[in-house]
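Chemist: The structure file structure_29.cif (mmCIF, N, CA and C atoms) is provided below.
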data_my_file
#
loop_
_atom_site.group_PDB
_atom_site.id
_atom_site.type_symbol
_atom_site.label_atom_id
_atom_site.label_comp_id
_atom_site.auth_asym_id
_atom_site.auth_seq_id
_atom_site.Cartn_x
_atom_site.Cartn_y
_atom_site.Cartn_z
ATOM 1 N N MET A 7 114.703 134.714 92.141
ATOM 2 C CA MET A 7 114.108 133.533 91.566
ATOM 3 C C MET A 7 114.343 132.350 92.508
ATOM 4 N N THR A 8 113.306 131.594 92.797
ATOM 5 C CA THR A 8 113.380 130.460 93.694
ATOM 6 C C THR A 8 113.737 129.196 92.922
ATOM 7 N N ASN A 9 114.670 128.427 93.456
ATOM 8 C CA ASN A 9 115.046 127.160 92.839
ATOM 9 C C ASN A 9 113.993 126.119 93.194
ATOM 10 N N LEU A 10 113.467 125.413 92.187
ATOM 11 C CA LEU A 10 112.431 124.414 92.404
ATOM 12 C C LEU A 10 112.995 123.059 92.813
ATOM 13 N N TYR A 11 114.288 122.896 92.747
ATOM 14 C CA TYR A 11 114.913 121.597 92.997
ATOM 15 C C TYR A 11 115.777 121.640 94.243
ATOM 16 N N PRO A 12 115.949 120.476 94.883
ATOM 17 C CA PRO A 12 116.867 120.406 96.027
ATOM 18 C C PRO A 12 118.297 120.721 95.591
ATOM 19 N N PRO A 13 119.180 121.016 96.544
ATOM 20 C CA PRO A 13 120.566 121.330 96.181
ATOM 21 C C PRO A 13 121.295 120.116 95.608
ATOM 22 N N GLY A 14 122.334 120.403 94.857
ATOM 23 C CA GLY A 14 123.166 119.352 94.284
ATOM 24 C C GLY A 14 124.359 119.965 93.597
ATOM 25 N N PRO A 15 125.265 119.118 93.124
ATOM 26 C CA PRO A 15 126.455 119.630 92.448
ATOM 27 C C PRO A 15 126.104 120.365 91.169
ATOM 28 N N ASP A 16 126.943 121.317 90.792
ATOM 29 C CA ASP A 16 126.699 122.113 89.594
ATOM 30 C C ASP A 16 126.881 121.302 88.313
ATOM 31 N N ARG A 17 127.824 120.381 88.314
ATOM 32 C CA ARG A 17 128.047 119.596 87.094
ATOM 33 C C ARG A 17 127.028 118.463 87.013
ATOM 34 N N THR A 18 126.864 117.918 85.833
ATOM 35 C CA THR A 18 125.883 116.851 85.659
ATOM 36 C C THR A 18 126.373 115.563 86.282
ATOM 37 N N ILE A 19 125.463 114.666 86.554
ATOM 38 C CA ILE A 19 125.830 113.377 87.146
ATOM 39 C C ILE A 19 126.779 112.609 86.234
ATOM 40 N N LEU A 20 126.593 112.719 84.949
ATOM 41 C CA LEU A 20 127.488 111.995 84.037
ATOM 42 C C LEU A 20 128.910 112.492 84.160
ATOM 43 N N ASP A 21 129.092 113.802 84.240
ATOM 44 C CA ASP A 21 130.429 114.358 84.425
ATOM 45 C C ASP A 21 131.006 113.931 85.768
ATOM 46 N N ALA A 22 130.171 113.919 86.792
ATOM 47 C CA ALA A 22 130.628 113.525 88.124
ATOM 48 C C ALA A 22 131.043 112.053 88.133
ATOM 49 N N VAL A 23 130.251 111.219 87.510
ATOM 50 C CA VAL A 23 130.569 109.788 87.463
ATOM 51 C C VAL A 23 131.852 109.560 86.680
ATOM 52 N N ARG A 24 131.963 110.171 85.516
ATOM 53 C CA ARG A 24 133.184 110.021 84.707
ATOM 54 C C ARG A 24 134.415 110.475 85.480
ATOM 55 N N SER A 25 134.303 111.617 86.112
ATOM 56 C CA SER A 25 135.426 112.154 86.878
ATOM 57 C C SER A 25 135.795 111.211 88.019
ATOM 58 N N THR A 26 134.800 110.721 88.715
ATOM 59 C CA THR A 26 135.031 109.819 89.834
ATOM 60 C C THR A 26 135.710 108.538 89.376
ATOM 61 N N LEU A 27 135.220 107.953 88.306
ATOM 62 C CA LEU A 27 135.786 106.701 87.824
ATOM 63 C C LEU A 27 137.197 106.906 87.287
ATOM 64 N N ARG A 28 137.432 108.003 86.567
ATOM 65 C CA ARG A 28 138.764 108.288 86.019
ATOM 66 C C ARG A 28 139.799 108.468 87.117
ATOM 67 N N GLN A 29 139.400 109.109 88.200
ATOM 68 C CA GLN A 29 140.344 109.392 89.274
ATOM 69 C C GLN A 29 140.489 108.216 90.240
ATOM 70 N N GLY A 30 139.745 107.136 89.999
ATOM 71 C CA GLY A 30 139.857 105.955 90.837
ATOM 72 C C GLY A 30 139.262 106.109 92.219
ATOM 73 N N HIS A 31 138.361 107.063 92.390
ATOM 74 C CA HIS A 31 137.738 107.266 93.693
ATOM 75 C C HIS A 31 136.772 106.131 94.027
ATOM 76 N N ASP A 32 136.587 105.938 95.289
ATOM 77 C CA ASP A 32 135.617 104.990 95.811
ATOM 78 C C ASP A 32 134.210 105.494 95.480
ATOM 79 N N ARG A 33 133.419 104.671 94.805
ATOM 80 C CA ARG A 33 132.074 105.091 94.401
ATOM 81 C C ARG A 33 131.191 105.392 95.603
ATOM 82 N N LEU A 34 131.239 104.537 96.599
ATOM 83 C CA LEU A 34 130.442 104.770 97.798
ATOM 84 C C LEU A 34 130.903 106.042 98.501
ATOM 85 N N GLY A 35 132.208 106.256 98.555
ATOM 86 C CA GLY A 35 132.741 107.482 99.160
ATOM 87 C C GLY A 35 132.261 108.728 98.434
ATOM 88 N N PHE A 36 132.177 108.633 97.095
ATOM 89 C CA PHE A 36 131.666 109.735 96.280
ATOM 90 C C PHE A 36 130.231 110.075 96.685
ATOM 91 N N LEU A 37 129.388 109.043 96.833
ATOM 92 C CA LEU A 37 127.992 109.269 97.221
ATOM 93 C C LEU A 37 127.892 109.803 98.643
ATOM 94 N N ILE A 38 128.749 109.318 99.530
ATOM 95 C CA ILE A 38 128.765 109.819 100.902
ATOM 96 C C ILE A 38 129.163 111.291 100.935
ATOM 97 N N ASP A 39 130.166 111.658 100.153
ATOM 98 C CA ASP A 39 130.587 113.068 100.072
ATOM 99 C C ASP A 39 129.456 113.958 99.592
ATOM 100 N N ILE A 40 128.728 113.501 98.576
ATOM 101 C CA ILE A 40 127.605 114.287 98.057
ATOM 102 C C ILE A 40 126.535 114.447 99.128
ATOM 103 N N ALA A 41 126.216 113.359 99.829
ATOM 104 C CA ALA A 41 125.200 113.416 100.885
ATOM 105 C C ALA A 41 125.621 114.382 101.988
ATOM 106 N N GLN A 42 126.885 114.335 102.375
ATOM 107 C CA GLN A 42 127.375 115.230 103.429
ATOM 108 C C GLN A 42 127.381 116.687 102.968
ATOM 109 N N SER A 43 127.627 116.896 101.686
ATOM 110 C CA SER A 43 127.685 118.264 101.164
ATOM 111 C C SER A 43 126.307 118.869 100.922
ATOM 112 N N TYR A 44 125.338 118.048 100.483
ATOM 113 C CA TYR A 44 124.066 118.596 100.024
ATOM 114 C C TYR A 44 122.851 118.148 100.814
ATOM 115 N N GLY A 45 122.969 117.202 101.722
ATOM 116 C CA GLY A 45 121.850 116.841 102.581
ATOM 117 C C GLY A 45 121.109 115.576 102.186
ATOM 118 N N ASP A 46 119.889 115.465 102.721
ATOM 119 C CA ASP A 46 119.099 114.244 102.578
ATOM 120 C C ASP A 46 118.544 114.010 101.178
ATOM 121 N N ILE A 47 118.350 115.056 100.401
ATOM 122 C CA ILE A 47 117.874 114.928 99.020
ATOM 123 C C ILE A 47 118.813 115.741 98.133
ATOM 124 N N VAL A 48 119.446 115.051 97.183
ATOM 125 C CA VAL A 48 120.397 115.695 96.281
ATOM 126 C C VAL A 48 119.852 115.602 94.866
ATOM 127 N N HIS A 49 119.939 116.676 94.117
ATOM 128 C CA HIS A 49 119.421 116.743 92.753
ATOM 129 C C HIS A 49 120.553 116.809 91.750
ATOM 130 N N PHE A 50 120.439 115.971 90.703
ATOM 131 C CA PHE A 50 121.355 116.020 89.563
ATOM 132 C C PHE A 50 120.529 116.297 88.322
ATOM 133 N N HIS A 51 121.096 117.022 87.400
ATOM 134 C CA HIS A 51 120.413 117.293 86.133
ATOM 135 C C HIS A 51 121.256 116.746 85.006
ATOM 136 N N THR A 52 120.704 115.827 84.221
ATOM 137 C CA THR A 52 121.423 115.260 83.078
ATOM 138 C C THR A 52 120.566 115.441 81.840
ATOM 139 N N GLY A 53 120.883 116.433 81.068
ATOM 140 C CA GLY A 53 120.063 116.704 79.891
ATOM 141 C C GLY A 53 118.654 117.063 80.324
ATOM 142 N N LEU A 54 117.689 116.294 79.858
ATOM 143 C CA LEU A 54 116.294 116.536 80.223
ATOM 144 C C LEU A 54 115.859 115.745 81.448
ATOM 145 N N ARG A 55 116.733 114.899 81.951
ATOM 146 C CA ARG A 55 116.384 114.014 83.069
ATOM 147 C C ARG A 55 116.848 114.607 84.395
ATOM 148 N N HIS A 56 115.969 114.529 85.379
ATOM 149 C CA HIS A 56 116.290 114.955 86.734
ATOM 150 C C HIS A 56 116.444 113.710 87.596
ATOM 151 N N ILE A 57 117.545 113.629 88.334
ATOM 152 C CA ILE A 57 117.829 112.479 89.171
ATOM 153 C C ILE A 57 117.985 112.956 90.606
ATOM 154 N N TYR A 58 117.406 112.178 91.523
ATOM 155 C CA TYR A 58 117.453 112.521 92.933
ATOM 156 C C TYR A 58 118.132 111.406 93.708
ATOM 157 N N LEU A 59 119.047 111.770 94.578
ATOM 158 C CA LEU A 59 119.717 110.836 95.465
ATOM 159 C C LEU A 59 119.144 111.056 96.860
ATOM 160 N N LEU A 60 118.512 110.019 97.404
ATOM 161 C CA LEU A 60 117.921 110.110 98.736
ATOM 162 C C LEU A 60 118.896 109.528 99.746
ATOM 163 N N ASN A 61 119.121 110.261 100.831
ATOM 164 C CA ASN A 61 120.143 109.881 101.792
ATOM 165 C C ASN A 61 119.611 109.691 103.207
ATOM 166 N N HIS A 62 118.328 109.501 103.344
ATOM 167 C CA HIS A 62 117.754 109.283 104.665
ATOM 168 C C HIS A 62 116.844 108.060 104.600
ATOM 169 N N PRO A 63 116.950 107.144 105.558
ATOM 170 C CA PRO A 63 116.152 105.914 105.509
ATOM 171 C C PRO A 63 114.642 106.145 105.396
ATOM 172 N N ASP A 64 114.123 107.159 106.061
ATOM 173 C CA ASP A 64 112.680 107.430 105.981
ATOM 174 C C ASP A 64 112.260 107.830 104.569
ATOM 175 N N LEU A 65 113.095 108.628 103.906
ATOM 176 C CA LEU A 65 112.792 109.036 102.526
ATOM 177 C C LEU A 65 112.880 107.848 101.579
ATOM 178 N N ILE A 66 113.890 107.028 101.759
ATOM 179 C CA ILE A 66 114.064 105.850 100.902
ATOM 180 C C ILE A 66 112.887 104.909 101.071
ATOM 181 N N ARG A 67 112.458 104.666 102.282
ATOM 182 C CA ARG A 67 111.290 103.798 102.529
ATOM 183 C C ARG A 67 110.038 104.382 101.885
ATOM 184 N N SER A 68 109.869 105.668 102.000
ATOM 185 C CA SER A 68 108.703 106.314 101.405
ATOM 186 C C SER A 68 108.641 106.071 99.899
ATOM 187 N N VAL A 69 109.773 106.219 99.226
ATOM 188 C CA VAL A 69 109.819 106.052 97.772
ATOM 189 C C VAL A 69 109.688 104.584 97.373
ATOM 190 N N LEU A 70 110.443 103.707 98.021
ATOM 191 C CA LEU A 70 110.481 102.305 97.605
ATOM 192 C C LEU A 70 109.306 101.471 98.087
ATOM 193 N N VAL A 71 108.671 101.883 99.194
ATOM 194 C CA VAL A 71 107.610 101.069 99.777
ATOM 195 C C VAL A 71 106.261 101.787 99.754
ATOM 196 N N GLU A 72 106.191 102.930 100.399
ATOM 197 C CA GLU A 72 104.913 103.592 100.613
ATOM 198 C C GLU A 72 104.351 104.266 99.362
ATOM 199 N N GLN A 73 105.208 104.806 98.507
ATOM 200 C CA GLN A 73 104.739 105.533 97.327
ATOM 201 C C GLN A 73 105.343 104.991 96.029
ATOM 202 N N ALA A 74 105.687 103.731 96.013
ATOM 203 C CA ALA A 74 106.390 103.131 94.870
ATOM 204 C C ALA A 74 105.659 103.329 93.549
ATOM 205 N N ASP A 75 104.339 103.352 93.572
ATOM 206 C CA ASP A 75 103.558 103.509 92.335
ATOM 207 C C ASP A 75 103.728 104.881 91.687
ATOM 208 N N HIS A 76 104.254 105.833 92.412
ATOM 209 C CA HIS A 76 104.403 107.197 91.898
ATOM 210 C C HIS A 76 105.770 107.481 91.298
ATOM 211 N N PHE A 77 106.665 106.489 91.329
ATOM 212 C CA PHE A 77 108.031 106.697 90.853
ATOM 213 C C PHE A 77 108.370 105.711 89.748
ATOM 214 N N VAL A 78 109.060 106.203 88.730
ATOM 215 C CA VAL A 78 109.433 105.378 87.588
ATOM 216 C C VAL A 78 110.886 104.955 87.729
ATOM 217 N N ARG A 79 111.119 103.664 87.596
ATOM 218 C CA ARG A 79 112.481 103.117 87.595
ATOM 219 C C ARG A 79 112.598 102.270 86.336
ATOM 220 N N THR A 80 113.079 102.875 85.300
ATOM 221 C CA THR A 80 113.170 102.179 84.020
ATOM 222 C C THR A 80 114.379 101.253 84.005
ATOM 223 N N ARG A 81 114.345 100.283 83.105
ATOM 224 C CA ARG A 81 115.446 99.328 82.986
ATOM 225 C C ARG A 81 116.782 100.022 82.698
ATOM 226 N N PRO A 82 116.840 100.989 81.753
ATOM 227 C CA PRO A 82 118.130 101.670 81.519
ATOM 228 C C PRO A 82 118.661 102.391 82.763
ATOM 229 N N VAL A 83 117.775 102.979 83.542
ATOM 230 C CA VAL A 83 118.205 103.663 84.762
ATOM 231 C C VAL A 83 118.735 102.642 85.765
ATOM 232 N N LYS A 84 118.036 101.518 85.912
ATOM 233 C CA LYS A 84 118.499 100.468 86.826
ATOM 234 C C LYS A 84 119.872 99.950 86.401
ATOM 235 N N ARG A 85 120.069 99.759 85.094
ATOM 236 C CA ARG A 85 121.363 99.289 84.596
ATOM 237 C C ARG A 85 122.470 100.294 84.876
ATOM 238 N N ALA A 86 122.186 101.567 84.624
ATOM 239 C CA ALA A 86 123.189 102.618 84.857
ATOM 240 C C ALA A 86 123.569 102.686 86.342
ATOM 241 N N ILE A 87 122.597 102.583 87.211
ATOM 242 C CA ILE A 87 122.876 102.595 88.654
ATOM 243 C C ILE A 87 123.694 101.369 89.035
ATOM 244 N N GLY A 88 123.313 100.218 88.491
ATOM 245 C CA GLY A 88 124.050 98.984 88.774
ATOM 246 C C GLY A 88 125.498 99.069 88.325
ATOM 247 N N ARG A 89 125.735 99.641 87.137
ATOM 248 C CA ARG A 89 127.116 99.792 86.640
ATOM 249 C C ARG A 89 127.894 100.740 87.558
ATOM 250 N N PHE A 90 127.252 101.809 87.974
ATOM 251 C CA PHE A 90 127.938 102.778 88.823
ATOM 252 C C PHE A 90 128.299 102.156 90.168
ATOM 253 N N LEU A 91 127.386 101.377 90.738
ATOM 254 C CA LEU A 91 127.619 100.793 92.063
ATOM 255 C C LEU A 91 128.397 99.489 91.998
ATOM 256 N N GLY A 92 128.606 98.974 90.779
ATOM 257 C CA GLY A 92 129.385 97.751 90.629
ATOM 258 C C GLY A 92 128.611 96.493 90.943
ATOM 259 N N THR A 93 127.289 96.531 90.726
ATOM 260 C CA THR A 93 126.471 95.340 90.990
ATOM 261 C C THR A 93 126.071 94.660 89.715
#
Produce C-alpha cells that represent the structure in this file.
Modeler:
Amino acid sequence: MTNLYPPGPDRTILDAVRSTLRQGHDRLGFLIDIAQSYGDIVHFHTGLRHIYLLNHPDLIRSVLVEQADHFVRTRPVKRAIGRFLGT
C-alpha cells in the first residue's frame, strides 16, 4: 500500500506540541529537528485535519505567494501556530 502523504512523526502534532512544551524544549529547535528528520515537507495528522510543515524557501514561496488562493489558513489555525511559536 502506498502512503499518500509525505513523511512525518507517528504521533499527532498535538501530542508532539504538548510533549515539547512540557519538557521545556526550544520550539524552533523542535521544528528544526522535524525538518532534519523528515525533509522539506512534513505531514502531521490531528484527528480529521492534515497539517503540513514546509521547510524549503521555494515551497514556502509557492504556498504563500504563487498559489495562496489554493490554501486555507483559518483564524483558529493562525492562532494555534502563533501560540506555538510564541508570537
Chemist: Under the PyMOL selection byres (((chain A and resi 57 and name CA) around 12) and name CA), which residues of this model are included? Write them out as a ChimeraX atom specification.
Modeler: /A:11-15,18-20,47-56,58-60,77-79,83,87
Chemist: Between atom N of Arg89 (chain A) and CA of Gln73 (chain A), what is the distance in Å, rounded to a tenth?
Modeler: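 We find that atom N of Arg89 (chain A) and CA of Gln73 (chain A) lie 24.1 Å from each other.
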Chemist: Could you check how far atom C of Ile40 (chain A) sits from atom C of Asn61 (chain A), in Å to one decimal?
Modeler: 9.3 Å
Chemist: Separation of CA of Lys84 (chain A) and atom C of Leu70 (chain A), in Å?
Modeler: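 Distance reported for this atom pair: 14.6 Å.
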